[in-house]
file input-v4.txt (compact mmCIF, C-alpha atoms)
# COMPACT_ATOMS: atom_id res chain seq x y z
CA ALA R 628 0.00 0.00 0.00
CA GLN R 629 1.13 3.53 -0.61
CA SER R 630 -0.07 6.96 0.41
CA VAL R 631 1.06 10.55 0.33
CA THR R 632 0.29 13.47 2.62
CA GLN R 633 0.80 17.09 1.69
CA LEU R 634 1.06 18.88 4.97
CA ASP R 635 -0.18 22.29 3.83
CA SER R 636 -3.23 22.92 1.67
CA HIS R 637 -2.20 26.56 1.13
CA VAL R 638 1.19 28.28 1.22
CA SER R 639 1.69 31.99 0.69
CA VAL R 640 5.10 33.59 0.09
CA SER R 641 6.38 36.94 -1.10
CA GLU R 642 8.11 37.19 -4.45
CA GLY R 643 11.83 36.64 -4.07
CA THR R 644 11.55 34.61 -0.86
CA PRO R 645 12.11 30.84 -0.51
CA VAL R 646 9.40 28.29 -1.17
CA LEU R 647 8.90 25.12 0.88
CA LEU R 648 6.10 22.69 0.08
CA ARG R 649 6.01 19.69 2.38
CA CYS R 650 5.24 16.10 1.48
CA ASN R 651 5.38 12.85 3.44
CA TYR R 652 4.85 9.47 1.89
CA SER R 653 4.21 5.89 2.86
CA SER R 654 5.14 2.95 0.69
CA SER R 655 5.68 -0.74 1.25
CA TYR R 656 8.27 -0.82 -1.50
CA SER R 657 11.02 1.37 -2.83
CA PRO R 658 9.05 4.37 -3.95
CA SER R 659 9.25 6.62 -6.92
CA LEU R 660 8.30 10.17 -6.05
CA PHE R 661 7.16 13.02 -8.25
CA TRP R 662 6.11 16.62 -8.00
CA TYR R 663 3.61 17.90 -10.53
CA VAL R 664 2.43 21.47 -11.00
CA GLN R 665 -0.98 22.58 -12.25
CA HIS R 666 -1.50 26.15 -13.40
CA PRO R 667 -5.07 27.45 -13.54
CA ASN R 668 -7.17 25.74 -16.20
CA LYS R 669 -4.22 23.62 -17.32
CA GLY R 670 -3.23 19.98 -17.10
CA LEU R 671 -0.58 18.68 -14.73
CA GLN R 672 3.06 19.10 -15.68
CA LEU R 673 5.97 17.15 -14.23
CA LEU R 674 8.36 19.28 -12.18
CA LEU R 675 10.76 16.58 -11.06
CA LYS R 676 11.07 12.88 -10.34
CA TYR R 677 12.99 10.68 -7.89
CA THR R 678 13.63 7.03 -8.74
CA SER R 679 16.38 5.80 -6.37
CA ALA R 680 19.28 7.66 -7.90
CA ALA R 681 20.57 10.87 -6.31
CA THR R 682 18.55 11.90 -3.28
CA LEU R 683 18.61 15.57 -4.27
CA VAL R 684 16.60 15.99 -7.43
CA LYS R 685 16.64 19.11 -9.56
CA GLY R 686 13.62 19.97 -11.66
CA ILE R 687 12.43 22.64 -13.99
CA ASN R 688 12.07 26.34 -13.15
CA GLY R 689 14.59 26.20 -10.31
CA PHE R 690 12.70 23.73 -8.14
CA GLU R 691 14.37 20.88 -6.33
CA ALA R 692 13.38 18.21 -3.84
CA GLU R 693 15.27 16.01 -1.43
CA PHE R 694 14.36 12.40 -0.73
CA LYS R 695 14.83 11.60 2.97
CA LYS R 696 14.11 7.97 3.64
CA SER R 697 14.53 8.25 7.41
CA GLU R 698 11.87 10.96 7.52
CA THR R 699 9.75 9.53 4.67
CA SER R 700 9.70 13.01 3.21
CA PHE R 701 10.09 14.56 -0.22
CA HIS R 702 9.77 18.30 0.30
CA LEU R 703 9.82 20.69 -2.66
CA THR R 704 11.91 23.85 -2.44
CA LYS R 705 12.89 26.86 -4.50
CA PRO R 706 15.32 29.55 -3.32
CA SER R 707 13.40 32.51 -4.74
CA ALA R 708 9.72 32.56 -5.67
CA HIS R 709 8.50 34.15 -8.87
CA MET R 710 5.00 35.35 -9.59
CA SER R 711 4.69 32.69 -12.29
CA ASP R 712 5.16 29.97 -9.65
CA ALA R 713 1.64 30.59 -8.35
CA ALA R 714 -0.14 27.29 -8.99
CA GLU R 715 -1.23 24.07 -7.34
CA TYR R 716 1.44 21.50 -6.61
CA PHE R 717 0.90 17.77 -6.23
CA CYS R 718 3.21 15.31 -4.54
CA VAL R 719 2.86 11.83 -6.04
CA VAL R 720 4.13 8.40 -5.00
CA GLY R 721 4.40 5.29 -7.09
CA SER R 722 6.19 1.98 -7.14
CA ARG R 723 6.77 -0.77 -9.64
CA SER R 724 4.51 -3.11 -7.73
CA ALA R 725 1.67 -0.63 -7.35
CA ARG R 726 1.32 -0.09 -11.12
CA GLN R 727 -0.36 3.25 -10.56
CA LEU R 728 0.41 6.58 -8.98
CA THR R 729 -1.12 7.94 -5.78
CA PHE R 730 -1.65 11.70 -5.74
CA GLY R 731 -1.59 13.98 -2.74
CA SER R 732 -4.41 16.43 -2.12
CA GLY R 733 -2.40 19.35 -3.47
CA THR R 734 -0.86 22.55 -2.10
CA GLN R 735 -2.01 25.87 -3.49
CA LEU R 736 0.96 28.25 -3.70
CA THR R 737 0.25 31.98 -3.71
CA VAL R 738 3.05 34.41 -4.51
CA LEU R 739 2.55 37.94 -3.23
CA PRO R 740 4.14 40.94 -4.96
CA ASP O 311 4.71 15.40 -30.55
CA ALA O 312 1.60 17.40 -29.70
CA GLY O 313 1.24 15.77 -26.31
CA VAL O 314 -1.93 14.21 -25.00
CA ILE O 315 -4.95 15.61 -26.82
CA GLN O 316 -8.39 15.79 -25.26
CA SER O 317 -11.68 16.89 -26.71
CA PRO O 318 -13.83 18.72 -26.13
CA ARG O 319 -12.13 21.20 -23.79
CA HIS O 320 -15.45 22.27 -22.36
CA GLU O 321 -18.79 20.49 -22.31
CA VAL O 322 -22.07 21.75 -20.94
CA THR O 323 -25.00 19.37 -20.98
CA GLU O 324 -28.27 18.72 -19.26
CA MET O 325 -28.94 16.02 -16.74
CA GLY O 326 -29.83 12.73 -18.39
CA GLN O 327 -27.88 13.35 -21.55
CA GLU O 328 -25.04 11.13 -22.77
CA VAL O 329 -21.56 12.63 -22.65
CA THR O 330 -18.51 11.32 -24.50
CA LEU O 331 -15.02 12.54 -23.72
CA ARG O 332 -12.16 11.74 -26.06
CA CYS O 333 -8.45 11.27 -25.67
CA LYS O 334 -5.50 10.73 -27.98
CA PRO O 335 -2.40 9.59 -26.08
CA ILE O 336 1.18 10.35 -27.02
CA SER O 337 2.31 8.13 -29.87
CA GLY O 338 4.27 5.14 -28.60
CA HIS O 339 2.84 5.25 -25.10
CA ASN O 340 1.35 1.94 -24.01
CA SER O 341 -0.63 3.06 -20.97
CA LEU O 342 -3.56 5.42 -20.72
CA PHE O 343 -5.23 6.79 -17.60
CA TRP O 344 -8.51 8.63 -16.99
CA TYR O 345 -8.73 10.91 -13.94
CA ARG O 346 -11.45 13.11 -12.48
CA GLN O 347 -10.67 16.26 -10.51
CA THR O 348 -13.12 18.03 -8.21
CA MET O 349 -12.71 20.50 -5.38
CA MET O 350 -14.20 18.07 -2.90
CA ARG O 351 -12.36 14.89 -3.83
CA GLY O 352 -9.22 16.12 -5.54
CA LEU O 353 -7.68 14.01 -8.30
CA GLU O 354 -9.12 10.49 -8.60
CA LEU O 355 -8.01 7.70 -10.91
CA LEU O 356 -11.05 6.29 -12.72
CA ILE O 357 -9.55 3.63 -14.96
CA TYR O 358 -6.35 2.75 -16.74
CA PHE O 359 -5.45 0.73 -19.81
CA ASN O 360 -2.30 -1.11 -20.74
CA ASN O 361 -1.87 -2.02 -24.42
CA ASN O 362 -5.54 -1.08 -25.00
CA VAL O 363 -6.77 -3.48 -22.32
CA PRO O 364 -8.53 -2.14 -19.20
CA ILE O 365 -6.45 -3.16 -16.20
CA ASP O 366 -8.14 -1.50 -13.24
CA ASP O 367 -11.55 0.15 -13.34
CA SER O 368 -12.13 0.15 -9.59
CA GLY O 369 -12.23 3.93 -9.59
CA MET O 370 -15.18 4.16 -11.97
CA PRO O 371 -17.99 5.62 -9.85
CA GLU O 372 -20.86 3.49 -11.10
CA ASP O 373 -22.33 1.77 -14.11
CA ARG O 374 -23.19 5.07 -15.73
CA PHE O 375 -19.49 5.42 -16.54
CA SER O 376 -17.76 3.37 -19.21
CA ALA O 377 -14.43 3.65 -20.98
CA LYS O 378 -13.06 2.10 -24.13
CA MET O 379 -9.77 2.03 -25.96
CA PRO O 380 -10.40 0.54 -29.41
CA ASN O 381 -6.84 1.18 -30.57
CA ALA O 382 -3.52 2.54 -29.35
CA SER O 383 -4.28 6.10 -30.40
CA PHE O 384 -7.80 6.67 -29.09
CA SER O 385 -9.85 6.30 -25.95
CA THR O 386 -13.30 7.44 -24.84
CA LEU O 387 -14.94 7.97 -21.49
CA LYS O 388 -18.71 7.89 -21.64
CA ILE O 389 -21.27 8.93 -19.05
CA GLN O 390 -24.84 7.83 -19.65
CA PRO O 391 -27.02 9.24 -18.22
CA SER O 392 -25.14 12.23 -16.86
CA GLU O 393 -25.95 13.80 -13.48
CA PRO O 394 -25.04 17.18 -11.95
CA ARG O 395 -22.64 15.48 -9.52
CA ASP O 396 -20.58 14.36 -12.53
CA SER O 397 -19.51 17.97 -13.08
CA ALA O 398 -15.71 17.99 -12.86
CA VAL O 399 -12.56 18.28 -14.91
CA TYR O 400 -11.65 14.99 -16.55
CA PHE O 401 -8.01 14.40 -17.41
CA CYS O 402 -6.48 11.82 -19.67
CA ALA O 403 -2.82 10.89 -19.18
CA SER O 404 -0.46 8.49 -20.92
CA SER O 405 2.85 6.88 -20.11
CA LEU O 406 5.33 4.61 -21.83
CA VAL O 407 4.51 1.63 -19.67
CA ALA O 408 2.05 0.87 -16.88
CA SER O 409 4.64 1.11 -14.17
CA ALA O 410 4.16 3.56 -11.36
CA ASP O 411 7.75 4.72 -11.54
CA ASN O 412 7.07 6.13 -14.98
CA GLU O 413 6.10 9.71 -15.60
CA GLN O 414 2.56 10.31 -16.78
CA PHE O 415 1.90 13.02 -19.33
CA PHE O 416 -1.40 14.82 -18.83
CA GLY O 417 -3.75 16.34 -21.35
CA PRO O 418 -5.31 19.78 -20.80
CA GLY O 419 -8.52 18.27 -19.46
CA THR O 420 -12.21 18.48 -20.31
CA ARG O 421 -14.31 20.68 -18.05
CA LEU O 422 -17.74 19.04 -17.81
CA THR O 423 -20.76 20.88 -16.47
CA VAL O 424 -24.01 18.97 -16.07
CA LEU O 425 -27.00 21.23 -15.45

call {"tool": "encode", "arguments": {"input": "input-v4.txt", "output": "structure tokens"}}
result
Amino acid sequence: AQSVTQLDSHVSVSEGTPVLLRCNYSSSYSPSLFWYVQHPNKGLQLLLKYTSAATLVKGINGFEAEFKKSETSFHLTKPSAHMSDAAEYFCVVGSRSARQLTFGSGTQLTVLP
Amino acid sequence: DAGVIQSPRHEVTEMGQEVTLRCKPISGHNSLFWYRQTMMRGLELLIYFNNNVPIDDSGMPEDRFSAKMPNASFSTLKIQPSEPRDSAVYFCASSLVASADNEQFFGPGTRLTVL
């Protein structure tokens, strides 16, 4: 069984300040972990993906995430928020055995000018 | 590649009518997924296909929903009869293989409103 918990439903930051979106997962097997972003009225787009290689994963648009097995976490960070980062972000867990992905409930990121 | 293509982008219909949503996956992808997104329930997997064969339809809400994939480049999700509670955004996604460590590529979605 696998599950994912996004700890914040809403996060608000000022432009130019760091972003932290928190995600904890549960998986009976070696997990694959993803972050997807959804801009208003758009489909989901992959930001980054972890599949048991380097624990620090770099994605598009300056985002990165660190896989911490001891904490079962995969938090998404960005050093400096941009207005265009305002969107909903989904943490997703999968595994070879599960055959399908499990999506978190999403975190709405607001970037203030 | 144009990515995953969905049609229509918006659909407004009246309760009781049949609704058909369409999806064209990325060429060469062997797996196709249908999701529904609502404010209340978030993103839910309805059904997925591997090599045109339905593998898991446990997420399909009830018998009013049906999905087909007659060939590798086309899938439909049908609701008959439609109800107001079916109003949602329906996403189609595809991936190379039906393995949950593979990235899924999402279409732009179909926003369905049932009056």

call {"tool": "interface_residues", "arguments": {"input": "input-v4.txt", "of": "chain R", "to": "chain O", "cutoff": "12 Å", "atoms": "only C-alpha atoms", "output": "NGL selection string"}}
result
:R and (629 or 636 or 656-679 or 715-734)

call {"tool": "residues_around", "arguments": {"input": "input-v4.txt", "residues": "Ser337 (chain O)", "least_positions_apart": "2", "cutoff": "10 Å", "atoms": "all atoms listed in the file", "output": "PyMOL selection string"}}
result
chain O and resi 311-314+334-335+339-340+382-383+404-406

call {"tool": "closest_residue", "arguments": {"input": "input-v4.txt", "among": "R:Ser655, R:Thr682, R:Ser639, R:Ser711", "to": "Gln735 (chain R)", "atoms": "all atoms listed in the file"}}
result
R:Ser639

call {"tool": "atom_distance", "arguments": {"input": "input-v4.txt", "atom1": "CA of Gln316 (chain O)", "atom2": "CA of Thr423 (chain O)"}}
result
16.0 Å

call {"tool": "residues_around", "arguments": {"input": "input-v4.txt", "residues": "Pro391 (chain O)", "least_positions_apart": "3", "cutoff": "6 Å", "atoms": "all atoms listed in the file", "output": "ChimeraX atom specification"}}
result
/O:326-328

call {"tool": "atom_distance", "arguments": {"input": "input-v4.txt", "atom1": "CA of Ser697 (chain R)", "atom2": "CA of Leu648 (chain R)"}}
result
18.3 Å

call {"tool": "atom_distance", "arguments": {"input": "input-v4.txt", "atom1": "CA of Ala681 (chain R)", "atom2": "CA of Gly338 (chain O)"}}
result
28.2 Å

call {"tool": "residues_around", "arguments": {"input": "input-v4.txt", "residues": "Ser653 (chain R)", "least_positions_apart": "2", "cutoff": "8 Å", "atoms": "all atoms listed in the file", "output": "list in words"}}
result
Ala628, Gln629, Ser630, Val631, Asn651, Ser655 and Thr699 of chain R

call {"tool": "closest_residue", "arguments": {"input": "input-v4.txt", "among": "O:Asn381, O:Glu393, O:Leu356, O:Ala398", "to": "Leu425 (chain O)", "atoms": "only C-alpha atoms"}}
result
O:Glu393

call {"tool": "closest_residue", "arguments": {"input": "input-v4.txt", "among": "R:Val640, R:Cys650, R:Leu634, R:Leu683", "to": "Ser700 (chain R)", "atoms": "all atoms listed in the file"}}
result
R:Cys650
